[in-house]
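Text of the file model.cif, holding mmCIF, C-alpha atoms:
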data_final
#
loop_
_atom_site.label_atom_id
_atom_site.label_comp_id
_atom_site.auth_asym_id
_atom_site.auth_seq_id
_atom_site.Cartn_x
_atom_site.Cartn_y
_atom_site.Cartn_z
CA TRP A 1 18.16 -10.89 44.90
CA GLY A 2 16.19 -12.13 41.93
CA ARG A 3 13.00 -12.59 43.97
CA HIS A 4 9.68 -11.03 43.08
CA PHE A 5 6.25 -10.94 44.63
CA GLY A 6 2.95 -11.39 42.91
CA ARG A 7 2.27 -12.35 39.35
CA GLY A 8 5.06 -11.78 36.87
CA LEU A 9 4.80 -9.50 33.87
CA VAL A 10 2.82 -11.06 31.03
CA THR A 11 3.49 -9.93 27.48
CA ARG A 12 1.15 -10.83 24.67
CA GLY A 13 1.71 -10.35 20.97
CA ARG A 14 0.44 -11.38 17.58
CA HIS A 15 2.46 -13.38 15.07
CA LEU A 16 1.60 -13.37 11.38
CA LEU A 17 2.81 -16.25 9.23
CA ALA A 18 3.00 -15.90 5.46
CA LEU A 19 4.01 -18.78 3.20
CA SER A 20 5.51 -17.92 -0.17
CA THR A 21 8.50 -18.61 -2.35
CA PRO A 22 11.70 -16.64 -1.60
CA ALA A 23 11.31 -14.72 -4.84
CA GLN A 24 7.83 -13.51 -3.81
CA ALA A 25 8.32 -13.16 -0.05
CA ALA A 26 9.00 -9.41 -0.02
CA GLU A 27 5.86 -8.77 -2.08
CA VAL A 28 3.91 -10.25 0.83
CA TRP A 29 5.72 -9.17 3.98
CA ARG A 30 6.66 -5.58 3.06
CA PRO A 31 3.04 -4.34 2.64
CA LEU A 32 1.91 -6.54 5.53
CA ALA A 33 4.49 -4.97 7.85
CA ASP A 34 3.20 -1.51 6.93
CA GLU A 35 -0.40 -2.58 7.59
CA VAL A 36 0.56 -3.90 11.03
CA TYR A 37 2.56 -0.77 11.88
CA MET A 38 -0.02 1.71 10.56
CA PRO A 39 -3.44 0.03 10.61
CA PHE A 40 -6.60 1.76 9.42
CA GLN A 41 -8.17 3.86 12.15
CA PRO A 42 -11.95 3.58 12.54
CA PHE A 43 -13.95 6.72 13.28
CA PHE A 44 -17.56 6.82 14.41
CA ALA A 45 -20.30 9.41 14.36
CA ALA A 46 -23.58 9.64 16.19
CA ALA A 47 -26.28 7.32 14.85
CA ASP A 48 -28.43 10.23 13.66
CA VAL A 49 -25.60 11.99 11.77
CA ALA A 50 -25.12 11.08 8.13
CA PRO A 51 -21.54 11.31 6.79
CA ALA A 52 -20.87 14.14 4.35
CA ARG A 53 -19.48 11.61 1.85
CA ASP A 54 -19.07 7.86 1.68
CA SER A 55 -15.42 8.02 0.65
CA ALA A 56 -12.78 10.58 -0.19
CA THR A 57 -9.27 10.69 -1.56
CA ALA A 58 -6.80 13.50 -2.16
CA LEU A 59 -5.21 11.62 -5.06
CA GLN A 60 -6.69 11.41 -8.52
CA ARG A 61 -4.66 8.37 -9.55
CA PRO A 62 -3.09 5.47 -7.63
CA LEU A 63 0.58 5.45 -6.73
CA PRO A 64 2.88 2.76 -8.17
CA PRO A 65 2.54 -0.54 -6.24
CA ASN A 66 5.99 -0.13 -4.66
CA VAL A 67 5.46 3.47 -3.48
CA GLN A 68 3.91 4.45 -0.14
CA LEU A 69 2.46 7.81 0.88
CA LEU A 70 4.08 8.58 4.24
CA SER A 71 2.95 12.17 4.84
CA LEU A 72 0.33 14.49 3.38
CA GLU A 73 -0.48 17.45 5.60
CA GLN A 74 -0.91 21.18 5.49
CA TRP A 75 2.52 22.73 6.16
CA ASP A 76 1.58 26.42 6.12
CA GLU A 77 -1.01 28.64 4.48
CA ASP A 78 0.27 27.99 0.96
CA ARG A 79 2.09 24.65 0.99
CA VAL A 80 1.40 20.97 1.60
CA LEU A 81 3.99 18.56 2.99
CA LEU A 82 4.35 15.41 0.88
CA ARG A 83 6.58 12.43 1.68
CA LEU A 84 6.83 9.45 -0.65
CA ALA A 85 8.74 6.25 0.10
CA HIS A 86 9.87 3.28 -1.95
CA GLN A 87 8.71 0.21 -0.01
CA PHE A 88 11.17 -2.40 -1.25
CA GLY A 89 14.88 -2.95 -0.77
CA LEU A 90 17.47 -3.59 -3.42
CA GLY A 91 17.09 -7.07 -4.91
CA GLU A 92 14.11 -8.06 -2.72
CA ASP A 93 11.73 -8.45 -5.66
CA ALA A 94 12.46 -8.72 -9.38
CA ALA A 95 9.84 -6.10 -10.30
CA LEU A 96 8.96 -4.19 -7.13
CA SER A 97 12.58 -3.40 -6.22
CA GLN A 98 12.99 -1.44 -9.44
CA PRO A 99 12.99 2.40 -9.30
CA ALA A 100 9.51 3.94 -9.26
CA THR A 101 8.44 7.14 -11.02
CA VAL A 102 5.73 9.49 -9.75
CA ASP A 103 4.43 12.62 -11.48
CA ILE A 104 3.58 14.98 -8.61
CA GLY A 105 2.12 17.46 -11.09
CA VAL A 106 -0.90 15.26 -11.82
CA LEU A 107 -1.14 13.48 -8.46
CA PHE A 108 -3.73 15.60 -6.66
CA ALA A 109 -7.43 15.64 -7.41
CA GLY A 110 -8.84 19.07 -8.27
CA LYS A 111 -5.49 20.84 -7.88
CA THR A 112 -2.92 22.35 -10.22
CA VAL A 113 0.63 22.12 -8.90
CA ALA A 114 2.50 25.42 -9.20
CA SER A 115 5.83 24.43 -7.63
CA VAL A 116 7.56 21.56 -5.86
CA ASP A 117 10.42 22.21 -3.45
CA GLU A 118 12.37 19.12 -2.41
CA ARG A 119 13.59 19.18 1.18
CA GLY A 120 15.54 17.03 3.60
CA LEU A 121 13.63 14.39 5.53
CA ALA A 122 12.91 16.78 8.44
CA VAL A 123 11.93 19.56 5.97
CA SER A 124 14.24 22.05 7.72
CA ILE A 125 16.88 22.18 4.95
CA SER A 126 16.89 21.96 1.17
CA ARG A 127 17.95 18.88 -0.75
CA GLU A 128 20.98 20.81 -2.00
CA GLU A 129 22.05 21.39 1.59
CA VAL A 130 21.53 17.69 2.37
CA LEU A 131 23.86 16.75 -0.47
CA ARG A 132 26.41 19.38 0.57
CA ARG A 133 26.56 17.93 4.09
CA ARG A 134 26.75 14.31 2.97
CA ILE A 135 29.97 12.54 3.94
CA PRO A 136 31.80 11.19 0.84
CA TRP A 137 32.25 7.54 1.83
CA ARG A 138 34.85 5.50 0.02
CA VAL A 139 33.21 2.45 -1.55
CA GLU A 140 35.10 -0.76 -2.24
CA SER A 141 36.12 -1.06 -5.90
CA GLN A 142 35.83 2.72 -6.39
CA GLU A 143 39.07 4.64 -6.89
CA ALA A 144 37.80 7.80 -5.16
CA PRO A 145 35.03 8.72 -2.72
CA ARG A 146 31.69 9.24 -4.37
CA ASP A 147 30.98 12.89 -5.19
CA SER A 148 27.90 14.07 -3.31
CA SER A 149 27.12 16.58 -6.03
CA ALA A 150 26.60 13.67 -8.41
CA SER A 151 24.39 11.68 -6.08
CA THR A 152 21.22 12.92 -7.75
CA ALA A 153 21.93 10.62 -10.67
CA GLY A 154 19.04 8.25 -11.22
CA SER A 155 16.74 10.26 -8.96
CA GLY A 156 14.63 11.67 -11.77
CA ALA A 157 13.89 15.25 -12.79
CA ALA A 158 14.63 17.86 -10.16
CA PRO A 159 11.44 19.72 -9.19
CA GLY A 160 13.40 22.95 -8.93
CA ASP A 161 14.11 22.75 -12.66
CA GLY A 162 10.42 22.98 -13.49
CA GLY A 163 9.62 19.28 -13.77
CA PHE A 164 7.42 17.48 -11.30
CA THR A 165 8.24 13.87 -12.20
CA ILE A 166 10.50 12.23 -9.63
CA THR A 167 12.06 8.78 -9.28
CA LEU A 168 12.44 6.79 -6.06
CA GLY A 169 15.16 4.20 -5.67
CA PRO A 170 14.88 1.14 -3.38
CA LEU A 171 13.91 2.17 0.19
CA GLN A 172 14.37 5.83 -0.67
CA ILE A 173 12.24 8.49 1.03
CA ARG A 174 11.83 11.90 -0.61
CA THR A 175 10.20 14.93 1.00
CA PHE A 176 8.55 17.84 -0.80
CA LEU A 177 6.72 21.08 -0.09
CA VAL A 178 4.05 21.39 -2.77
CA THR A 179 2.47 24.73 -3.71
CA PHE A 180 -0.81 24.75 -5.63
CA ALA A 181 -1.86 27.30 -8.21
CA PRO A 182 -4.56 29.69 -6.91
CA GLY A 183 -8.09 29.28 -8.19
CA ALA A 184 -7.72 25.58 -9.02
CA ALA A 185 -11.03 23.80 -9.46
CA GLN A 186 -12.41 21.99 -6.43
CA GLU A 187 -9.63 23.35 -4.20
CA ASP A 188 -11.91 23.31 -1.16
CA GLU A 189 -12.39 19.57 -1.74
CA LEU A 190 -8.71 18.80 -1.27
CA ASP A 191 -8.32 21.26 1.59
CA ALA A 192 -11.06 19.40 3.47
CA LYS A 193 -9.32 16.06 2.85
CA VAL A 194 -5.89 17.24 3.98
CA GLY A 195 -7.45 18.84 7.08
CA GLN A 196 -5.45 19.00 10.28
CA GLY A 197 -2.49 16.84 9.33
CA PHE A 198 -4.13 13.64 8.16
CA VAL A 199 -5.88 12.43 5.08
CA VAL A 200 -7.98 9.48 3.97
CA ILE A 201 -6.46 7.73 0.96
#
Take the structure in the file and give it back as structure tokens.
Amino acid sequence: WGRHFGRGLVTRGRHLLALSTPAQAAEVWRPLADEVYMPFQPFFAAADVAPARDSATALQRPLPPNVQLLSLEQWDEDRVLLRLAHQFGLGEDAALSQPATVDIGVLFAGKTVASVDERGLAVSISREEVLRRRIPWRVESQEAPRDSSASTAGSGAAPGDGGFTITLGPLQIRTFLVTFAPGAAQEDELDAKVGQGFVVI
């Protein structure tokens, strides 16, 4: 028992070391962790084929520095799946841990947003159903379990009420199905960027 033959298993990895003050550490390691987990993917074409464009983006304005675009893909014929995430935890950074606001209505280049339907993380159920199923945990120092129906407080305007501005709290992920108005200018431009489930940002 315990014997083996031949060369043992060799595991290699890469360690990244960042030096910063505790107050600024999250500002460095949070984005770096995302870059390591989801690095840029290079694509190559034949030497005699010129690219259709040098660069492309589906967004007409940058996201807040503490917000990450997790998903942007065609969901069905009429809707696009959008997931936004707050990158920082509570109290990790004096500025970047604060709630972040995003106006989905003016986010996309060449598109007019007609409706925004917020869904659960897996998209299969509505946000209302998510809140209905949430277990009311009793929190220390609270006299009664937190009411799930009130848990939208501080989350920004509800897209279902006609507003498209949403707020993300620390480490919160919110999922939306976005419908665009027909006949929007340059709609083919965005459709080409969203493509088959991936997009260049």
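Here the question is which of A:Pro22, A:Pro42, A:Gly163, A:Gly89 gets nearest to Val67 in chain A using all atoms listed in the file, and that residue is A:Gly89.
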For range 77-84 of chain A, what centre and edge lengths in Å (one decimal) does the axis-aligned box get once 5 Å is added on each side of all its listed atoms, as JSON?
{"center_x": 2.9, "center_y": 19.0, "center_z": 1.9, "size_x": 17.8, "size_y": 29.2, "size_z": 15.1}
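Our summary of the geometry notes that CA of Gln60 in chain A is positioned 28.9 Å from CA of Leu90 in chain A.
One finds CA of Val106 in chain A at 21.1 Å from CA of Glu77 in chain A.
Distances here use only C-alpha atoms; by that measure, the residue among A:Gly110, A:Gly183, A:Pro170, A:Gly6 closest to Leu96 in chain A is A:Pro170.
Ranking A:Arg127, A:Arg134, A:Arg83, A:Lys111 by their shortest atom-to-atom distance to Arg174 in chain A, with all atoms listed in the file included, puts A:Arg83 first.
One distance worth recording is that between CA of Val130 in chain A and CA of Thr165 in chain A, which is 20.1 Å.
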Chain and number of each residue from the PyMOL selection byres ((chain A and resi 97) around 10), as a ChimeraX atom specification: /A:26-27,66,86-96,98-100,169-171
Non-local contacts of Leu63 in chain A (12 Å; only C-alpha atoms; under 2 positions in same chain excluded) as a VMD selection string: chain A and resid 58 to 61 65 to 70 84 to 87 100 to 104 106 to 108 168 201
Using C-alpha atoms, can you export the residues from the last selection as a PDB file, keeping the file's coordinate frame?
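Final output, saved to selection.pdb:
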ATOM      1  CA  ALA A  58      -6.800  13.500  -2.160  1.00  0.00           C
ATOM      2  CA  LEU A  59      -5.210  11.620  -5.060  1.00  0.00           C
ATOM      3  CA  GLN A  60      -6.690  11.410  -8.520  1.00  0.00           C
ATOM      4  CA  ARG A  61      -4.660   8.370  -9.550  1.00  0.00           C
ATOM      5  CA  PRO A  65       2.540  -0.540  -6.240  1.00  0.00           C
ATOM      6  CA  ASN A  66       5.990  -0.130  -4.660  1.00  0.00           C
ATOM      7  CA  VAL A  67       5.460   3.470  -3.480  1.00  0.00           C
ATOM      8  CA  GLN A  68       3.910   4.450  -0.140  1.00  0.00           C
ATOM      9  CA  LEU A  69       2.460   7.810   0.880  1.00  0.00           C
ATOM     10  CA  LEU A  70       4.080   8.580   4.240  1.00  0.00           C
ATOM     11  CA  LEU A  84       6.830   9.450  -0.650  1.00  0.00           C
ATOM     12  CA  ALA A  85       8.740   6.250   0.100  1.00  0.00           C
ATOM     13  CA  HIS A  86       9.870   3.280  -1.950  1.00  0.00           C
ATOM     14  CA  GLN A  87       8.710   0.210  -0.010  1.00  0.00           C
ATOM     15  CA  ALA A 100       9.510   3.940  -9.260  1.00  0.00           C
ATOM     16  CA  THR A 101       8.440   7.140 -11.020  1.00  0.00           C
ATOM     17  CA  VAL A 102       5.730   9.490  -9.750  1.00  0.00           C
ATOM     18  CA  ASP A 103       4.430  12.620 -11.480  1.00  0.00           C
ATOM     19  CA  ILE A 104       3.580  14.980  -8.610  1.00  0.00           C
ATOM     20  CA  VAL A 106      -0.900  15.260 -11.820  1.00  0.00           C
ATOM     21  CA  LEU A 107      -1.140  13.480  -8.460  1.00  0.00           C
ATOM     22  CA  PHE A 108      -3.730  15.600  -6.660  1.00  0.00           C
ATOM     23  CA  LEU A 168      12.440   6.790  -6.060  1.00  0.00           C
ATOM     24  CA  ILE A 201      -6.460   7.730   0.960  1.00  0.00           C
TER      25      ILE A 201
END
